[in-house]
file upload-v2.cif (mmCIF, N, CA and C atoms)
data_protein
loop_
_atom_site.label_atom_id
_atom_site.label_comp_id
_atom_site.auth_asym_id
_atom_site.auth_seq_id
_atom_site.Cartn_x
_atom_site.Cartn_y
_atom_site.Cartn_z
N MET A 1 -37.77 5.00 32.64
CA MET A 1 -36.39 4.93 33.03
C MET A 1 -36.25 3.89 34.15
N GLU A 2 -35.19 3.08 34.01
CA GLU A 2 -34.93 2.07 35.04
C GLU A 2 -33.80 2.54 35.93
N ILE A 3 -33.91 2.26 37.18
CA ILE A 3 -32.84 2.57 38.12
C ILE A 3 -32.29 1.25 38.63
N ILE A 4 -30.96 1.14 38.52
CA ILE A 4 -30.30 -0.08 38.97
C ILE A 4 -29.37 0.32 40.12
N GLY A 5 -29.49 -0.37 41.20
CA GLY A 5 -28.66 -0.08 42.37
C GLY A 5 -27.56 -1.12 42.51
N ILE A 6 -26.33 -0.64 42.81
CA ILE A 6 -25.22 -1.57 43.07
C ILE A 6 -24.52 -1.09 44.34
N GLU A 7 -23.80 -2.01 44.93
CA GLU A 7 -23.06 -1.68 46.14
C GLU A 7 -21.92 -0.73 45.81
N LYS A 8 -21.57 0.07 46.78
CA LYS A 8 -20.50 1.05 46.61
C LYS A 8 -19.18 0.38 46.23
N THR A 9 -18.84 -0.73 46.88
CA THR A 9 -17.58 -1.42 46.58
C THR A 9 -17.58 -1.97 45.14
N THR A 10 -18.71 -2.47 44.70
CA THR A 10 -18.81 -2.98 43.33
C THR A 10 -18.62 -1.83 42.34
N TYR A 11 -19.23 -0.69 42.62
CA TYR A 11 -19.10 0.49 41.78
C TYR A 11 -17.63 0.96 41.73
N GLU A 12 -16.99 1.03 42.90
CA GLU A 12 -15.60 1.47 42.96
C GLU A 12 -14.67 0.50 42.24
N ASN A 13 -14.92 -0.80 42.41
CA ASN A 13 -14.11 -1.80 41.71
C ASN A 13 -14.28 -1.68 40.20
N SER A 14 -15.49 -1.43 39.76
CA SER A 14 -15.75 -1.25 38.33
C SER A 14 -15.01 -0.03 37.80
N LEU A 15 -15.04 1.06 38.56
CA LEU A 15 -14.32 2.26 38.15
C LEU A 15 -12.82 2.02 38.05
N MET A 16 -12.27 1.28 39.03
CA MET A 16 -10.84 0.97 39.00
C MET A 16 -10.49 0.13 37.77
N GLU A 17 -11.33 -0.84 37.44
CA GLU A 17 -11.10 -1.67 36.25
C GLU A 17 -11.15 -0.83 34.98
N ILE A 18 -12.10 0.08 34.92
CA ILE A 18 -12.21 0.96 33.75
C ILE A 18 -10.98 1.85 33.64
N GLU A 19 -10.51 2.39 34.76
CA GLU A 19 -9.32 3.23 34.75
C GLU A 19 -8.09 2.44 34.32
N ARG A 20 -7.94 1.21 34.79
CA ARG A 20 -6.81 0.36 34.36
C ARG A 20 -6.88 0.08 32.87
N PHE A 21 -8.09 -0.19 32.39
CA PHE A 21 -8.29 -0.44 30.96
C PHE A 21 -7.92 0.79 30.14
N LEU A 22 -8.36 1.97 30.58
CA LEU A 22 -8.02 3.21 29.88
C LEU A 22 -6.53 3.48 29.90
N ASP A 23 -5.87 3.17 31.02
CA ASP A 23 -4.41 3.34 31.10
C ASP A 23 -3.71 2.44 30.09
N ARG A 24 -4.18 1.21 29.97
CA ARG A 24 -3.58 0.28 29.00
C ARG A 24 -3.77 0.79 27.58
N ILE A 25 -4.95 1.32 27.29
CA ILE A 25 -5.21 1.87 25.95
C ILE A 25 -4.31 3.07 25.69
N ASN A 26 -4.17 3.95 26.68
CA ASN A 26 -3.31 5.13 26.52
C ASN A 26 -1.85 4.72 26.33
N ASN A 27 -1.39 3.73 27.08
CA ASN A 27 -0.01 3.25 26.91
C ASN A 27 0.19 2.67 25.52
N PHE A 28 -0.77 1.90 25.06
CA PHE A 28 -0.69 1.33 23.73
C PHE A 28 -0.66 2.44 22.68
N ALA A 29 -1.53 3.42 22.83
CA ALA A 29 -1.59 4.53 21.86
C ALA A 29 -0.29 5.31 21.86
N ASN A 30 0.28 5.55 23.02
CA ASN A 30 1.55 6.27 23.10
C ASN A 30 2.68 5.48 22.46
N ASP A 31 2.74 4.18 22.72
CA ASP A 31 3.77 3.34 22.09
C ASP A 31 3.61 3.34 20.58
N TYR A 32 2.38 3.23 20.12
CA TYR A 32 2.12 3.17 18.69
C TYR A 32 2.46 4.49 18.01
N SER A 33 2.10 5.60 18.63
CA SER A 33 2.36 6.89 18.00
C SER A 33 3.84 7.26 18.08
N SER A 34 4.56 6.70 19.04
CA SER A 34 5.98 7.01 19.14
C SER A 34 6.78 6.30 18.05
N ARG A 35 6.24 5.26 17.48
CA ARG A 35 6.90 4.62 16.35
C ARG A 35 6.83 5.57 15.17
N LYS A 36 7.79 5.47 14.31
CA LYS A 36 7.84 6.38 13.18
C LYS A 36 6.92 5.87 12.08
N LEU A 37 5.70 6.36 12.10
CA LEU A 37 4.75 5.94 11.09
C LEU A 37 5.11 6.47 9.71
N ASN A 38 5.89 7.54 9.67
CA ASN A 38 6.27 8.08 8.38
C ASN A 38 7.33 7.24 7.69
N GLU A 39 7.78 6.17 8.33
CA GLU A 39 8.72 5.27 7.69
C GLU A 39 8.03 4.37 6.67
N TRP A 40 6.71 4.37 6.63
CA TRP A 40 5.96 3.58 5.68
C TRP A 40 5.62 4.44 4.47
N ILE A 41 5.81 3.89 3.29
CA ILE A 41 5.50 4.62 2.07
C ILE A 41 4.61 3.76 1.19
N ASP A 42 3.86 4.41 0.29
CA ASP A 42 2.92 3.68 -0.55
C ASP A 42 3.52 3.38 -1.93
N ASN A 43 2.73 2.72 -2.78
CA ASN A 43 3.19 2.31 -4.12
C ASN A 43 3.75 3.49 -4.91
N GLN A 44 3.00 4.57 -4.92
CA GLN A 44 3.40 5.72 -5.74
C GLN A 44 4.76 6.26 -5.31
N GLU A 45 4.95 6.38 -4.01
CA GLU A 45 6.23 6.88 -3.51
C GLU A 45 7.38 5.95 -3.86
N VAL A 46 7.15 4.63 -3.75
CA VAL A 46 8.20 3.66 -4.08
C VAL A 46 8.54 3.75 -5.56
N CYS A 47 7.52 3.82 -6.40
CA CYS A 47 7.75 3.92 -7.85
C CYS A 47 8.56 5.18 -8.19
N LEU A 48 8.21 6.29 -7.58
CA LEU A 48 8.95 7.53 -7.83
C LEU A 48 10.38 7.44 -7.30
N TRP A 49 10.52 6.85 -6.13
CA TRP A 49 11.82 6.73 -5.48
C TRP A 49 12.76 5.84 -6.29
N LEU A 50 12.25 4.68 -6.73
CA LEU A 50 13.07 3.72 -7.47
C LEU A 50 13.06 3.97 -8.97
N LYS A 51 12.21 4.89 -9.41
CA LYS A 51 12.06 5.20 -10.84
C LYS A 51 11.68 3.94 -11.62
N ILE A 52 10.62 3.27 -11.13
CA ILE A 52 10.11 2.07 -11.78
C ILE A 52 8.61 2.22 -11.98
N SER A 53 8.06 1.36 -12.82
CA SER A 53 6.62 1.39 -13.08
C SER A 53 5.87 0.62 -11.99
N PRO A 54 4.56 0.85 -11.86
CA PRO A 54 3.77 0.08 -10.90
C PRO A 54 3.83 -1.42 -11.19
N ARG A 55 3.90 -1.79 -12.46
CA ARG A 55 3.96 -3.21 -12.82
C ARG A 55 5.27 -3.84 -12.35
N THR A 56 6.37 -3.09 -12.48
CA THR A 56 7.66 -3.59 -11.99
C THR A 56 7.63 -3.76 -10.48
N LEU A 57 7.01 -2.81 -9.80
CA LEU A 57 6.88 -2.91 -8.35
C LEU A 57 6.03 -4.12 -7.98
N GLN A 58 4.98 -4.37 -8.73
CA GLN A 58 4.15 -5.56 -8.48
C GLN A 58 4.98 -6.83 -8.67
N HIS A 59 5.83 -6.85 -9.68
CA HIS A 59 6.70 -8.01 -9.90
C HIS A 59 7.65 -8.21 -8.71
N LEU A 60 8.18 -7.12 -8.18
CA LEU A 60 9.07 -7.22 -7.02
C LEU A 60 8.32 -7.77 -5.81
N ARG A 61 7.05 -7.40 -5.65
CA ARG A 61 6.24 -7.96 -4.57
C ARG A 61 5.97 -9.44 -4.80
N ASN A 62 5.55 -9.77 -6.04
CA ASN A 62 5.19 -11.15 -6.36
C ASN A 62 6.37 -12.10 -6.19
N THR A 63 7.56 -11.63 -6.50
CA THR A 63 8.76 -12.47 -6.37
C THR A 63 9.41 -12.33 -5.00
N ARG A 64 8.72 -11.64 -4.10
CA ARG A 64 9.15 -11.46 -2.71
C ARG A 64 10.52 -10.82 -2.58
N GLN A 65 10.84 -9.92 -3.49
CA GLN A 65 12.10 -9.19 -3.40
C GLN A 65 11.97 -7.99 -2.47
N ILE A 66 10.73 -7.50 -2.32
CA ILE A 66 10.46 -6.37 -1.43
C ILE A 66 9.30 -6.74 -0.52
N PRO A 67 9.52 -6.74 0.80
CA PRO A 67 8.42 -7.01 1.73
C PRO A 67 7.41 -5.85 1.71
N PHE A 68 6.17 -6.18 2.02
CA PHE A 68 5.13 -5.16 2.03
C PHE A 68 4.05 -5.53 3.02
N ALA A 69 3.21 -4.57 3.33
CA ALA A 69 2.04 -4.79 4.18
C ALA A 69 0.83 -4.23 3.44
N GLN A 70 -0.28 -4.92 3.57
CA GLN A 70 -1.49 -4.47 2.87
C GLN A 70 -2.59 -4.20 3.89
N MET A 71 -3.19 -3.02 3.75
CA MET A 71 -4.33 -2.64 4.58
C MET A 71 -5.48 -2.35 3.64
N GLY A 72 -6.43 -3.25 3.60
CA GLY A 72 -7.51 -3.11 2.64
C GLY A 72 -6.96 -3.28 1.25
N ARG A 73 -7.14 -2.27 0.41
CA ARG A 73 -6.63 -2.34 -0.96
C ARG A 73 -5.32 -1.58 -1.12
N LYS A 74 -4.85 -0.95 -0.05
CA LYS A 74 -3.65 -0.12 -0.11
C LYS A 74 -2.44 -0.92 0.36
N ILE A 75 -1.33 -0.74 -0.35
CA ILE A 75 -0.10 -1.47 -0.03
C ILE A 75 0.95 -0.48 0.45
N TYR A 76 1.68 -0.86 1.51
CA TYR A 76 2.70 -0.01 2.09
C TYR A 76 4.01 -0.78 2.21
N TYR A 77 5.10 -0.02 2.20
CA TYR A 77 6.45 -0.58 2.28
C TYR A 77 7.23 0.20 3.33
N LYS A 78 8.10 -0.49 4.05
CA LYS A 78 8.98 0.20 4.99
C LYS A 78 10.14 0.80 4.20
N LYS A 79 10.48 2.04 4.53
CA LYS A 79 11.61 2.68 3.85
C LYS A 79 12.88 1.85 4.01
N GLN A 80 13.08 1.27 5.19
CA GLN A 80 14.27 0.47 5.43
C GLN A 80 14.32 -0.74 4.50
N ASP A 81 13.19 -1.36 4.21
CA ASP A 81 13.16 -2.51 3.29
C ASP A 81 13.54 -2.09 1.88
N ILE A 82 13.12 -0.89 1.49
CA ILE A 82 13.47 -0.39 0.16
C ILE A 82 14.97 -0.11 0.10
N LEU A 83 15.52 0.49 1.15
CA LEU A 83 16.97 0.74 1.20
C LEU A 83 17.75 -0.57 1.16
N THR A 84 17.26 -1.57 1.88
CA THR A 84 17.91 -2.88 1.87
C THR A 84 17.89 -3.48 0.48
N TYR A 85 16.77 -3.35 -0.20
CA TYR A 85 16.67 -3.85 -1.58
C TYR A 85 17.68 -3.14 -2.48
N LEU A 86 17.80 -1.82 -2.33
CA LEU A 86 18.75 -1.06 -3.14
C LEU A 86 20.19 -1.50 -2.88
N GLU A 87 20.52 -1.68 -1.60
CA GLU A 87 21.87 -2.11 -1.25
C GLU A 87 22.16 -3.51 -1.76
N LYS A 88 21.19 -4.38 -1.64
CA LYS A 88 21.36 -5.77 -2.08
C LYS A 88 21.59 -5.85 -3.59
N ASN A 89 20.97 -4.95 -4.32
CA ASN A 89 21.09 -4.97 -5.77
C ASN A 89 22.10 -3.94 -6.29
N ASN A 90 22.93 -3.42 -5.38
CA ASN A 90 23.99 -2.46 -5.73
C ASN A 90 23.46 -1.28 -6.55
N GLN A 91 22.32 -0.75 -6.14
CA GLN A 91 21.78 0.41 -6.80
C GLN A 91 21.97 1.61 -5.90
N ASN A 92 22.15 2.75 -6.49
CA ASN A 92 22.36 3.97 -5.72
C ASN A 92 21.06 4.73 -5.57
N TYR A 93 20.86 5.26 -4.40
CA TYR A 93 19.70 6.12 -4.13
C TYR A 93 20.16 7.55 -4.31
N GLU A 94 19.38 8.33 -5.05
CA GLU A 94 19.75 9.74 -5.28
C GLU A 94 19.09 10.62 -4.26
#
call {"tool": "encode", "arguments": {"input": "upload-v2.cif", "output": "C-alpha cells"}}
result
Amino acid sequence: MEIIGIEKTTYENSLMEIERFLDRINNFANDYSSRKLNEWIDNQEVCLWLKISPRTLQHLRNTRQIPFAQMGRKIYYKKQDILTYLEKNNQNYE
C-alpha cells in the first residue's frame, strides 16, 4: 500500500471542487428529470395513435414530415410534433 501525503489546503480545495462538480451534476439531473420525458413516444405508439403502418411512419420520417430522434436503434417522436402533423394535415385525433 502506498501512502500519499498532501497539504491540508490542497485537500480542502479538492473537496470543494468535487462538491461544486457534484452540485452541477445534481442541478443537471434535476433539470433533466423535470422535463416531461413522457412526452416522447416510440414507433409503435405513433403507429397506433395515427392508425398507420410502420412503413407509412418510415415514409413520414424519410420525407421529413415528422421530426424524430434516434437513440441507438430506437426512434422516438415528441407528442407535440405528432399533434402538429395532425393539425397541419387537417386530421382529427380521437
call {"tool": "resolve_selection", "arguments": {"input": "upload-v2.cif", "expression": "the PyMOL selection byres (((chain A and resi 48-59 and name CA) around 12) and name CA)", "output": "compact mmCIF listing (two decimals) with N, CA and C atoms, keeping the file's coordinate frame"}}
result
# COMPACT_ATOMS: atom_id res chain seq x y z
N ILE A 41 5.81 3.89 3.29
CA ILE A 41 5.50 4.62 2.07
C ILE A 41 4.61 3.76 1.19
N ASP A 42 3.86 4.41 0.29
CA ASP A 42 2.92 3.68 -0.55
C ASP A 42 3.52 3.38 -1.93
N ASN A 43 2.73 2.72 -2.78
CA ASN A 43 3.19 2.31 -4.12
C ASN A 43 3.75 3.49 -4.91
N GLN A 44 3.00 4.57 -4.92
CA GLN A 44 3.40 5.72 -5.74
C GLN A 44 4.76 6.26 -5.31
N GLU A 45 4.95 6.38 -4.01
CA GLU A 45 6.23 6.88 -3.51
C GLU A 45 7.38 5.95 -3.86
N VAL A 46 7.15 4.63 -3.75
CA VAL A 46 8.20 3.66 -4.08
C VAL A 46 8.54 3.75 -5.56
N CYS A 47 7.52 3.82 -6.40
CA CYS A 47 7.75 3.92 -7.85
C CYS A 47 8.56 5.18 -8.19
N LEU A 60 8.18 -7.12 -8.18
CA LEU A 60 9.07 -7.22 -7.02
C LEU A 60 8.32 -7.77 -5.81
N ARG A 61 7.05 -7.40 -5.65
CA ARG A 61 6.24 -7.96 -4.57
C ARG A 61 5.97 -9.44 -4.80
N ASN A 62 5.55 -9.77 -6.04
CA ASN A 62 5.19 -11.15 -6.36
C ASN A 62 6.37 -12.10 -6.19
N THR A 63 7.56 -11.63 -6.50
CA THR A 63 8.76 -12.47 -6.37
C THR A 63 9.41 -12.33 -5.00
N ARG A 64 8.72 -11.64 -4.10
CA ARG A 64 9.15 -11.46 -2.71
C ARG A 64 10.52 -10.82 -2.58
N GLN A 65 10.84 -9.92 -3.49
CA GLN A 65 12.10 -9.19 -3.40
C GLN A 65 11.97 -7.99 -2.47
N ILE A 66 10.73 -7.50 -2.32
CA ILE A 66 10.46 -6.37 -1.43
C ILE A 66 9.30 -6.74 -0.52
N PRO A 67 9.52 -6.74 0.80
CA PRO A 67 8.42 -7.01 1.73
C PRO A 67 7.41 -5.85 1.71
N PHE A 68 6.17 -6.18 2.02
CA PHE A 68 5.13 -5.16 2.03
C PHE A 68 4.05 -5.53 3.02
N ILE A 75 -1.33 -0.74 -0.35
CA ILE A 75 -0.10 -1.47 -0.03
C ILE A 75 0.95 -0.48 0.45
N TYR A 76 1.68 -0.86 1.51
CA TYR A 76 2.70 -0.01 2.09
C TYR A 76 4.01 -0.78 2.21
N TYR A 77 5.10 -0.02 2.20
CA TYR A 77 6.45 -0.58 2.28
C TYR A 77 7.23 0.20 3.33
N LYS A 79 10.48 2.04 4.53
CA LYS A 79 11.61 2.68 3.85
C LYS A 79 12.88 1.85 4.01
N ILE A 82 13.12 -0.89 1.49
CA ILE A 82 13.47 -0.39 0.16
C ILE A 82 14.97 -0.11 0.10
N LEU A 83 15.52 0.49 1.15
CA LEU A 83 16.97 0.74 1.20
C LEU A 83 17.75 -0.57 1.16
N TYR A 85 16.77 -3.35 -0.20
CA TYR A 85 16.67 -3.85 -1.58
C TYR A 85 17.68 -3.14 -2.48
N LEU A 86 17.80 -1.82 -2.33
CA LEU A 86 18.75 -1.06 -3.14
C LEU A 86 20.19 -1.50 -2.88
N ASN A 89 20.97 -4.95 -4.32
CA ASN A 89 21.09 -4.97 -5.77
C ASN A 89 22.10 -3.94 -6.29
N GLN A 91 22.32 -0.75 -6.14
CA GLN A 91 21.78 0.41 -6.80
C GLN A 91 21.97 1.61 -5.90
N ASN A 92 22.15 2.75 -6.49
CA ASN A 92 22.36 3.97 -5.72
C ASN A 92 21.06 4.73 -5.57
N TYR A 93 20.86 5.26 -4.40
CA TYR A 93 19.70 6.12 -4.13
C TYR A 93 20.16 7.55 -4.31
N GLU A 94 19.38 8.33 -5.05
CA GLU A 94 19.75 9.74 -5.28
C GLU A 94 19.09 10.62 -4.26
call {"tool": "select_by_dssp", "arguments": {"input": "upload-v2.cif", "residues": "chain A", "states": "strand (DSSP E or B)", "output": "PyMOL selection string"}}
result
chain A and resi 40-42+69-71+74-78
call {"tool": "atom_distance", "arguments": {"input": "upload-v2.cif", "atom1": "CA of Glu19 (chain A)", "atom2": "atom C of Gly5 (chain A)"}}
result
20.3 Å
call {"tool": "atom_distance", "arguments": {"input": "upload-v2.cif", "atom1": "atom N of Lys78 (chain A)", "atom2": "atom N of Glu39 (chain A)"}}
result
7.9 Å
call {"tool": "atom_distance", "arguments": {"input": "upload-v2.cif", "atom1": "atom N of Asn27 (chain A)", "atom2": "atom C of Leu15 (chain A)"}}
result
15.9 Å
call {"tool": "axis_aligned_box", "arguments": {"input": "upload-v2.cif", "around": "region 73-91 of chain A", "padding_each_side": "6 Å", "output": "JSON"}}
result
{"center_x": 8.4, "center_y": -1.6, "center_z": -0.7, "size_x": 43.1, "size_y": 20.5, "size_z": 24.2}
call {"tool": "decode", "arguments": {"input": "upload-v2.cif", "residues": "region 2-72 of chain A", "atoms": "C-alpha atoms", "output": "short mmCIF file (atom, residue, chain, number, x, y, z; two decimals), in the first residue's frame"}}
result
data_model
loop_
_atom_site.label_atom_id
_atom_site.label_comp_id
_atom_site.auth_asym_id
_atom_site.auth_seq_id
_atom_site.Cartn_x
_atom_site.Cartn_y
_atom_site.Cartn_z
CA GLU A 2 1.23 3.46 -0.89
CA ILE A 3 0.62 6.49 1.25
CA ILE A 4 0.48 9.85 -0.45
CA GLY A 5 0.59 13.00 1.62
CA ILE A 6 -0.90 16.33 0.51
CA GLU A 7 -1.25 19.67 2.19
CA LYS A 8 -4.45 20.38 4.07
CA THR A 9 -5.31 23.37 1.83
CA THR A 10 -4.84 21.27 -1.31
CA TYR A 11 -7.09 18.57 0.16
CA GLU A 12 -9.76 21.12 1.12
CA ASN A 13 -9.61 22.79 -2.30
CA SER A 14 -10.01 19.40 -3.96
CA LEU A 15 -13.04 18.64 -1.79
CA MET A 16 -14.60 21.99 -2.67
CA GLU A 17 -14.07 21.32 -6.39
CA ILE A 18 -15.64 17.88 -6.05
CA GLU A 19 -18.63 19.34 -4.19
CA ARG A 20 -19.11 22.01 -6.89
CA PHE A 21 -18.91 19.33 -9.56
CA LEU A 22 -21.50 17.19 -7.73
CA ASP A 23 -23.78 20.22 -7.36
CA ARG A 24 -23.58 20.85 -11.10
CA ILE A 25 -24.42 17.20 -11.80
CA ASN A 26 -27.36 17.32 -9.38
CA ASN A 27 -28.67 20.53 -10.95
CA PHE A 28 -28.39 19.00 -14.40
CA ALA A 29 -30.16 15.83 -13.25
CA ASN A 30 -32.96 17.84 -11.64
CA ASP A 31 -33.43 19.97 -14.76
CA TYR A 32 -33.45 16.89 -16.95
CA SER A 33 -35.90 14.95 -14.80
CA SER A 34 -38.22 17.94 -14.50
CA ARG A 35 -38.72 17.89 -18.25
CA LYS A 36 -41.61 15.76 -19.31
CA LEU A 37 -39.89 12.66 -20.57
CA ASN A 38 -43.23 11.02 -21.13
CA GLU A 39 -43.83 13.44 -23.98
CA TRP A 40 -41.65 11.18 -26.14
CA ILE A 41 -43.29 8.19 -27.79
CA ASP A 42 -41.88 5.34 -29.86
CA ASN A 43 -42.75 3.92 -33.31
CA GLN A 44 -45.37 1.53 -32.02
CA GLU A 45 -47.24 4.21 -30.10
CA VAL A 46 -47.21 6.59 -33.09
CA CYS A 47 -48.50 3.86 -35.41
CA LEU A 48 -51.32 3.02 -33.00
CA TRP A 49 -52.10 6.69 -32.41
CA LEU A 50 -52.20 7.62 -36.11
CA LYS A 51 -53.57 4.23 -37.20
CA ILE A 52 -50.80 3.80 -39.78
CA SER A 53 -48.34 1.04 -40.62
CA PRO A 54 -44.66 1.13 -39.63
CA ARG A 55 -43.79 1.55 -43.32
CA THR A 56 -46.03 4.63 -43.59
CA LEU A 57 -44.37 6.05 -40.50
CA GLN A 58 -40.97 5.40 -42.05
CA HIS A 59 -42.12 7.28 -45.17
CA LEU A 60 -43.17 10.23 -43.00
CA ARG A 61 -39.70 10.24 -41.42
CA ASN A 62 -37.91 9.90 -44.77
CA THR A 63 -39.87 12.79 -46.26
CA ARG A 64 -39.26 14.85 -43.10
CA GLN A 65 -42.96 15.31 -42.40
CA ILE A 66 -42.47 14.19 -38.79
CA PRO A 67 -39.36 15.10 -36.78
CA PHE A 68 -37.78 12.33 -34.74
CA ALA A 69 -34.82 11.48 -32.54
CA GLN A 70 -32.87 8.25 -32.66
CA MET A 71 -31.06 6.64 -29.75
CA GLY A 72 -29.20 3.59 -30.93
#
